[in-house]
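Chemist: Just passing along the structure, written as structure tokens.
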Amino acid sequence: MNSREPDAMKDPAANSLLSPDDYPREPVVVERIPVAYMKASRFLPMALKDNYLEIAIVDPDDFETLDALTLASGLPVRARPGRADDILEAIERLYGAGSQSIENIIEEAEQDIVQSTFPSEENAEHLRDMASEAPIIRLVNRLVLNAVELRASDIHFEPYENEFKVRYRIDGVLNDVESPPKRFQAAIISRVKIMAKLDISERRLPQDGRIKLKIANKEIDFRVSTIPTLFGESLVMRILDREALVLDLNRLGFPERLLERYLKLIYQPHGMVLVTGPTGSGKTSTLYATLSLINRPENKIITLEDPVEYQLKGVNQIQVNPKIGLTFASGLRAIVRQDPDIILVGEIRDRETAETAIQSALTGHLLFSTLHTNDSAGAITRLLDMGVESFLLSSTLLGVLAQRLVRVICPHCKTATIPPEATPWSDMGIPEKERHRTLFYKGQGCEMCRHSGYLGRTAIFEYLPVNDGIRAEINAHASTESIRQVAVEQGMVTLRQDGWEKVKAGVTTVSEVLRVTLEE
């Protein structure tokens, strides 16, 4: 009969503990055995043969379960021992939300949940009950799993008057996905808020939270942000995959000519280094990669971030909390008293933080920070506009790195092409002779890149070193245009020029470079 049969007991493999790699990649379907029973009894069908059913089970001596399976399948059962966590994870992967498409889960939810059962947004308790129903849980799980599989950086849940839209940001560009019916909106938003430990009864004020999930043997953090809109709460989940963090400046896109100069900059004993660009331009990745290079036993590194996106080994990281008075400015003042060698301030937002940062750089610390400016020269005038004294800025600022992220042409469908006649070459500032000598590429679109023609992203950079010429401009309170002109005359490679180098190398396209850079 079951695992008590002689054949199973004689097979040495039958008594060896299964590893996660031993579990099947496709579900073994056995009729009349529900998934709920698998979870409750902690077993998983491994193989269905003509003369027996093989299962993984936590307790191979659970004869009651083995007899029930023999009766249900009509076959003798061979049991192999497995760990509970491995079995339950495999059940979820093979038979849970992870094994179904969004369309199928929505269809099931439509059948399981009738119109009358959906609560209004005013009934918090009913809403909590609905958010805990299996169809809603499966749907949210599938949306999250899909986003991780597609390398999305964000999931957007957006309410409109007649629809509820879900979109993924992949390689910096939003993509529509199969969206649930409008009437699922309140339950789905509430489900995510419950996961993030937010107050589901509060729908008038913005809220922030976090979720930690284990997906495909990886621990992934999600930052959750909600905000009230005209037609309900809009919710965004930021996906922070620690394993996806790149701590290699070469892999981030640093060209050789820039890498050598940047490495000299970050090994200075004191001073201030700024990285600029809009939200989502890769500033955090660049700074984390920088800290990983200079993180040595003889250096004490303290960071002040909002939020702490990734944990760095050997680095003291502090989360800003304005609600209790822990701002960038107050936190920075406290950090200096901790005798650090290197300081990272997540962002300089106001005069107080800027002045404290300058003082820190003046007193023997190497300080890194970011600013939201369009280019490297704009960072200097932004600090001057905040009220920083020009003579202090000119004596502490070592250099400014501006950056953007451009999509990379998919290597699986990459092909040579002729640029469209409408390409705005004048905006790129590229001589006609150089264009004619360049071989251009594009992605035709394939399954690997979801027919977008792009797969992954890389950075383009603009580095402004603060030398005597730039210091003179700072002391003279020169305009952004004047500082930029001096820097270009001294050999600064602009964002578009660096982008053009990557176009010539077949890494990206002209349209991508123009998309992420302002007119020069």
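If you're wondering about the labels, chains in the structure tokens are A, B, ... by order shown, residues count from 1 in each chain, ligands from 1 in order shown.
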Run DSSP on the backbone of this structure and report the residues of stretch 169-311 of chain A it assigns to helix (DSSP H, G or I), as a ChimeraX atom specification.

Modeler: /A:182-195,242-244,249-252,256-266,283-294

Chemist: Excluding stretch 156-166 of chain A and any residue of its chain fewer than 6 positions from it, enumerate the residues within 7 Å of it, using only C-alpha atoms, and give them as a ChimeraX atom specification.

Modeler: /A:176-177,179-182,185,231-237

Chemist: Counting only C-alpha atoms, give me one row per residue of stretch 422-513 of chain A with an atom at most 9 Å from an atom of stretch 393-403 of chain A, showing the shortest contact pair and its distance in Å to one decimal, sorted by chain then residue number, as a tab-separated table.

Modeler:
residue	atom	partner	partner_atom	distance
A:Ala459	CA	A:Gln403	CA	6.5
A:Ile460	CA	A:Gln403	CA	5.6
A:Phe461	CA	A:Gln403	CA	4.5
A:Glu462	CA	A:Ala402	CA	5.0
A:Tyr463	CA	A:Leu401	CA	4.6
A:Leu464	CA	A:Val400	CA	5.1
A:Pro465	CA	A:Gly399	CA	4.4
A:Val466	CA	A:Gly399	CA	5.1
A:Asn467	CA	A:Leu398	CA	8.1
A:Ile470	CA	A:Ser394	CA	8.1
A:Arg471	CA	A:Ser394	CA	5.1
A:Ala472	CA	A:Ser394	CA	8.1
A:Glu473	CA	A:Ser394	CA	9.0
A:Ile474	CA	A:Ser394	CA	6.1
A:Asn475	CA	A:Ser394	CA	6.8
A:Leu495	CA	A:Gln403	CA	7.1

Chemist: With only C-alpha atoms as the basis for distance, which of A:Gln317, A:Asn141, A:Ser482, A:Ser153 is at the shortest distance from A:Arg167?

Modeler: A:Ser153

Chemist: Go ahead and compute the interatomic distance for atom CA of A:Pro76 and atom CA of A:Ser41, in Å to one decimal.

Modeler: 17.7 Å

Chemist: Closest to A:Leu249 among A:Lys283, A:Lys193, A:Lys300, A:Arg183, using only C-alpha atoms?

Modeler: A:Lys283

Chemist: If you count only C-alpha atoms, which residues fall within 10 Å of stretch 264-275 of chain A, apart from same-chain ones fewer than 4 positions away, as a short mmCIF file (atom, residue, chain, number, x, y, z; two decimals) with N, CA and C atoms, in the first residue's frame?

Modeler:
data_model
loop_
_atom_site.label_atom_id
_atom_site.label_comp_id
_atom_site.auth_asym_id
_atom_site.auth_seq_id
_atom_site.Cartn_x
_atom_site.Cartn_y
_atom_site.Cartn_z
N LEU A 259 36.07 57.11 -14.92
CA LEU A 259 36.28 56.26 -13.75
C LEU A 259 37.59 56.62 -13.03
N GLU A 260 38.65 56.83 -13.80
CA GLU A 260 39.94 57.15 -13.20
C GLU A 260 39.87 58.46 -12.42
N GLY A 282 19.36 56.93 -10.59
CA GLY A 282 20.43 56.04 -10.18
C GLY A 282 21.43 56.63 -9.21
N LYS A 283 21.08 57.76 -8.58
CA LYS A 283 22.03 58.41 -7.66
C LYS A 283 22.37 57.50 -6.48
N THR A 284 21.35 56.85 -5.90
CA THR A 284 21.59 55.98 -4.74
C THR A 284 22.53 54.83 -5.09
N THR A 286 24.84 54.76 -7.39
CA THR A 286 26.20 55.29 -7.56
C THR A 286 26.85 55.54 -6.21
N LEU A 287 26.11 56.13 -5.28
CA LEU A 287 26.67 56.43 -3.97
C LEU A 287 26.95 55.15 -3.16
N THR A 290 30.00 53.67 -4.51
CA THR A 290 31.14 54.47 -4.06
C THR A 290 31.54 54.11 -2.64
N LEU A 291 30.55 54.02 -1.75
CA LEU A 291 30.84 53.67 -0.35
C LEU A 291 31.45 52.28 -0.24
N LEU A 293 33.44 50.90 -2.24
CA LEU A 293 34.84 50.97 -2.63
C LEU A 293 35.73 51.52 -1.51
N ILE A 294 35.21 52.52 -0.79
CA ILE A 294 36.04 53.17 0.24
C ILE A 294 35.73 52.66 1.64
N ASP A 341 34.67 59.23 9.59
CA ASP A 341 35.61 59.65 8.54
C ASP A 341 34.86 60.04 7.27
N ILE A 342 33.79 59.31 6.99
CA ILE A 342 33.02 59.52 5.76
C ILE A 342 31.54 59.61 6.12
N ILE A 343 30.86 60.59 5.53
CA ILE A 343 29.45 60.82 5.81
C ILE A 343 28.68 60.84 4.49
N LEU A 344 27.53 60.18 4.48
CA LEU A 344 26.60 60.28 3.35
C LEU A 344 25.30 60.90 3.84
N VAL A 345 24.93 62.04 3.27
CA VAL A 345 23.65 62.67 3.56
C VAL A 345 22.75 62.44 2.35
N GLU A 347 20.14 63.68 1.02
CA GLU A 347 19.77 64.80 0.15
C GLU A 347 19.93 66.11 0.90
N ILE A 348 20.42 67.12 0.21
CA ILE A 348 20.48 68.48 0.76
C ILE A 348 19.23 69.21 0.29
N ALA A 357 26.42 70.60 6.24
CA ALA A 357 27.23 69.74 5.37
C ALA A 357 28.56 70.42 5.04
N ILE A 358 28.50 71.72 4.73
CA ILE A 358 29.72 72.46 4.41
C ILE A 358 30.66 72.47 5.62
N GLN A 359 30.11 72.72 6.79
CA GLN A 359 30.93 72.74 8.01
C GLN A 359 31.57 71.38 8.27
N SER A 360 30.82 70.31 8.00
CA SER A 360 31.36 68.96 8.18
C SER A 360 32.54 68.71 7.25
N ALA A 361 32.39 69.16 5.99
CA ALA A 361 33.47 68.98 5.02
C ALA A 361 34.69 69.82 5.38
N LEU A 362 34.43 70.97 5.99
CA LEU A 362 35.53 71.86 6.39
C LEU A 362 36.34 71.30 7.56
N THR A 363 35.67 70.51 8.40
CA THR A 363 36.31 70.03 9.63
C THR A 363 36.91 68.64 9.48
N GLY A 364 37.29 68.27 8.25
CA GLY A 364 38.07 67.04 8.06
C GLY A 364 37.28 65.81 7.69
N HIS A 365 36.02 65.95 7.27
CA HIS A 365 35.22 64.80 6.86
C HIS A 365 35.06 64.78 5.34
N LEU A 366 34.97 63.58 4.79
CA LEU A 366 34.62 63.42 3.38
C LEU A 366 33.11 63.20 3.32
N LEU A 367 32.39 64.11 2.69
CA LEU A 367 30.93 64.08 2.71
C LEU A 367 30.37 63.90 1.31
N PHE A 368 29.44 62.96 1.18
CA PHE A 368 28.72 62.74 -0.08
C PHE A 368 27.26 63.12 0.12
N SER A 369 26.66 63.69 -0.93
CA SER A 369 25.24 64.00 -0.85
C SER A 369 24.66 64.13 -2.25
N THR A 370 23.35 64.34 -2.32
CA THR A 370 22.67 64.48 -3.61
C THR A 370 21.86 65.77 -3.64
N LEU A 371 21.61 66.21 -4.86
CA LEU A 371 20.74 67.36 -5.11
C LEU A 371 19.88 67.03 -6.32
N HIS A 372 18.66 67.53 -6.33
CA HIS A 372 17.79 67.34 -7.48
C HIS A 372 17.95 68.53 -8.43
N THR A 373 18.99 68.49 -9.25
CA THR A 373 19.20 69.53 -10.26
C THR A 373 19.35 68.88 -11.62
N ASP A 375 21.61 69.49 -14.05
CA ASP A 375 22.96 69.20 -14.51
C ASP A 375 23.95 69.50 -13.39
N SER A 376 25.22 69.29 -13.66
CA SER A 376 26.24 69.46 -12.63
C SER A 376 26.42 70.92 -12.23
N ALA A 379 23.92 72.41 -9.67
CA ALA A 379 24.07 72.08 -8.24
C ALA A 379 24.78 73.22 -7.51
N ILE A 380 25.75 73.84 -8.18
CA ILE A 380 26.51 74.92 -7.54
C ILE A 380 25.61 76.13 -7.29
N LEU A 393 31.82 77.40 -0.05
CA LEU A 393 31.50 76.38 -1.07
C LEU A 393 32.70 76.13 -1.96
N SER A 395 35.78 76.35 -1.31
CA SER A 395 36.90 75.71 -0.63
C SER A 395 36.60 74.28 -0.19
N THR A 396 35.32 73.87 -0.22
CA THR A 396 34.97 72.51 0.23
C THR A 396 34.51 71.59 -0.89
N LEU A 397 33.86 72.14 -1.92
CA LEU A 397 33.29 71.29 -2.98
C LEU A 397 34.41 70.74 -3.86
N LEU A 398 34.49 69.41 -3.97
CA LEU A 398 35.53 68.75 -4.77
C LEU A 398 35.08 68.49 -6.20
N GLY A 399 33.82 68.11 -6.37
CA GLY A 399 33.32 67.81 -7.70
C GLY A 399 31.83 67.49 -7.68
N VAL A 400 31.21 67.59 -8.86
CA VAL A 400 29.78 67.31 -8.99
C VAL A 400 29.59 66.32 -10.14
N LEU A 401 28.84 65.25 -9.87
CA LEU A 401 28.55 64.23 -10.87
C LEU A 401 27.06 64.25 -11.16
N ALA A 402 26.70 64.56 -12.41
CA ALA A 402 25.29 64.49 -12.83
C ALA A 402 25.09 63.19 -13.60
N GLN A 403 23.92 62.59 -13.49
CA GLN A 403 23.69 61.34 -14.20
C GLN A 403 22.23 61.14 -14.58
N GLU A 462 27.92 63.19 -16.36
CA GLU A 462 28.54 64.49 -16.62
C GLU A 462 29.30 64.87 -15.35
N TYR A 463 30.62 64.94 -15.46
CA TYR A 463 31.43 65.20 -14.27
C TYR A 463 32.06 66.59 -14.34
N LEU A 464 31.79 67.40 -13.31
CA LEU A 464 32.35 68.74 -13.21
C LEU A 464 33.34 68.79 -12.05
N PRO A 465 34.65 68.80 -12.34
CA PRO A 465 35.63 68.93 -11.26
C PRO A 465 35.75 70.39 -10.83
N VAL A 466 35.86 70.61 -9.55
CA VAL A 466 35.99 71.99 -9.06
C VAL A 466 37.47 72.35 -9.00
#

Chemist: A:Ala334, A:Ala79, A:Ala187, A:Gly491: which is nearest A:Phe63, counting only C-alpha atoms?

Modeler: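 Looking at the shortest contact to A:Phe63, the residue is A:Ala79.
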
Chemist: Could you write out, as an MDAnalysis selection string, all the residues of stretch 202-350 of chain A that DSSP marks as strand (DSSP E)?

Modeler: chainID A and resid 207:215 218:229 232:241 271:276 301:305 316:319 342:345

Chemist: Please, could you write that set of residues out with C-alpha atoms as a PDB file, in the first residue's frame?

Modeler:
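For reference, result.pdb as written:
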ATOM      1  CA  GLN A 207       0.613  56.994   4.596  1.00  0.00           C
ATOM      2  CA  ASP A 208       3.956  55.237   4.239  1.00  0.00           C
ATOM      3  CA  GLY A 209       4.912  51.696   5.181  1.00  0.00           C
ATOM      4  CA  ARG A 210       7.066  48.748   4.224  1.00  0.00           C
ATOM      5  CA  ILE A 211       6.668  45.048   3.469  1.00  0.00           C
ATOM      6  CA  LYS A 212       9.310  42.310   3.521  1.00  0.00           C
ATOM      7  CA  LEU A 213       8.575  39.205   1.439  1.00  0.00           C
ATOM      8  CA  LYS A 214      10.521  36.103   0.482  1.00  0.00           C
ATOM      9  CA  ILE A 215      10.104  35.469  -3.236  1.00  0.00           C
ATOM     10  CA  LYS A 218      15.157  36.066  -2.152  1.00  0.00           C
ATOM     11  CA  GLU A 219      14.201  38.566   0.527  1.00  0.00           C
ATOM     12  CA  ILE A 220      12.699  41.623  -1.158  1.00  0.00           C
ATOM     13  CA  ASP A 221      11.654  44.874   0.522  1.00  0.00           C
ATOM     14  CA  PHE A 222       8.686  46.899  -0.662  1.00  0.00           C
ATOM     15  CA  ARG A 223       8.179  50.577   0.246  1.00  0.00           C
ATOM     16  CA  VAL A 224       4.470  51.406   0.201  1.00  0.00           C
ATOM     17  CA  SER A 225       3.095  54.909  -0.261  1.00  0.00           C
ATOM     18  CA  THR A 226      -0.589  55.881  -0.357  1.00  0.00           C
ATOM     19  CA  ILE A 227      -2.184  59.216  -1.189  1.00  0.00           C
ATOM     20  CA  PRO A 228      -5.865  60.186  -1.435  1.00  0.00           C
ATOM     21  CA  THR A 229      -7.164  61.152  -4.899  1.00  0.00           C
ATOM     22  CA  GLY A 232      -9.945  56.719  -4.051  1.00  0.00           C
ATOM     23  CA  GLU A 233      -6.480  56.025  -2.738  1.00  0.00           C
ATOM     24  CA  SER A 234      -3.563  55.820  -5.154  1.00  0.00           C
ATOM     25  CA  LEU A 235      -0.910  53.360  -3.957  1.00  0.00           C
ATOM     26  CA  VAL A 236       2.659  52.793  -5.133  1.00  0.00           C
ATOM     27  CA  MET A 237       4.903  49.886  -4.109  1.00  0.00           C
ATOM     28  CA  ARG A 238       8.637  50.492  -4.606  1.00  0.00           C
ATOM     29  CA  ILE A 239      10.484  47.194  -5.104  1.00  0.00           C
ATOM     30  CA  LEU A 240      13.908  46.999  -3.458  1.00  0.00           C
ATOM     31  CA  ASP A 241      15.668  43.795  -4.434  1.00  0.00           C
ATOM     32  CA  GLY A 271      35.701  67.759   1.165  1.00  0.00           C
ATOM     33  CA  MET A 272      32.237  67.431  -0.404  1.00  0.00           C
ATOM     34  CA  VAL A 273      31.153  65.388  -3.434  1.00  0.00           C
ATOM     35  CA  LEU A 274      27.686  65.841  -4.938  1.00  0.00           C
ATOM     36  CA  VAL A 275      25.672  63.534  -7.204  1.00  0.00           C
ATOM     37  CA  THR A 276      22.758  65.200  -9.005  1.00  0.00           C
ATOM     38  CA  ILE A 301      31.146  55.525   7.596  1.00  0.00           C
ATOM     39  CA  ILE A 302      27.780  56.915   8.717  1.00  0.00           C
ATOM     40  CA  THR A 303      24.834  57.577   6.404  1.00  0.00           C
ATOM     41  CA  LEU A 304      21.684  59.601   6.932  1.00  0.00           C
ATOM     42  CA  GLU A 305      18.977  58.501   4.480  1.00  0.00           C
ATOM     43  CA  ASN A 316      26.210  52.764  10.134  1.00  0.00           C
ATOM     44  CA  GLN A 317      22.939  53.732   8.435  1.00  0.00           C
ATOM     45  CA  ILE A 318      20.383  56.104   9.976  1.00  0.00           C
ATOM     46  CA  GLN A 319      16.756  56.511   8.892  1.00  0.00           C
ATOM     47  CA  ILE A 342      33.024  59.519   5.755  1.00  0.00           C
ATOM     48  CA  ILE A 343      29.448  60.824   5.810  1.00  0.00           C
ATOM     49  CA  LEU A 344      26.601  60.283   3.351  1.00  0.00           C
ATOM     50  CA  VAL A 345      23.650  62.672   3.560  1.00  0.00           C
TER      51      VAL A 345
END

Chemist: Distance atom CA of A:Pro340-atom CA of A:Phe391, one decimal place?

Modeler: 24.6 Å

Chemist: Suppose you want the space between atom CA of A:Ile136 and atom CA of A:Asn175; what is it in Å?

Modeler: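 Spanning atom CA of A:Ile136 to atom CA of A:Asn175 is a straight-line distance of 22.2 Å.
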
Chemist: Counting only C-alpha atoms, which residue out of A:Glu432, A:Glu92, A:Glu133, A:Glu298 sits closest to A:Ala36?

Modeler: A:Glu92
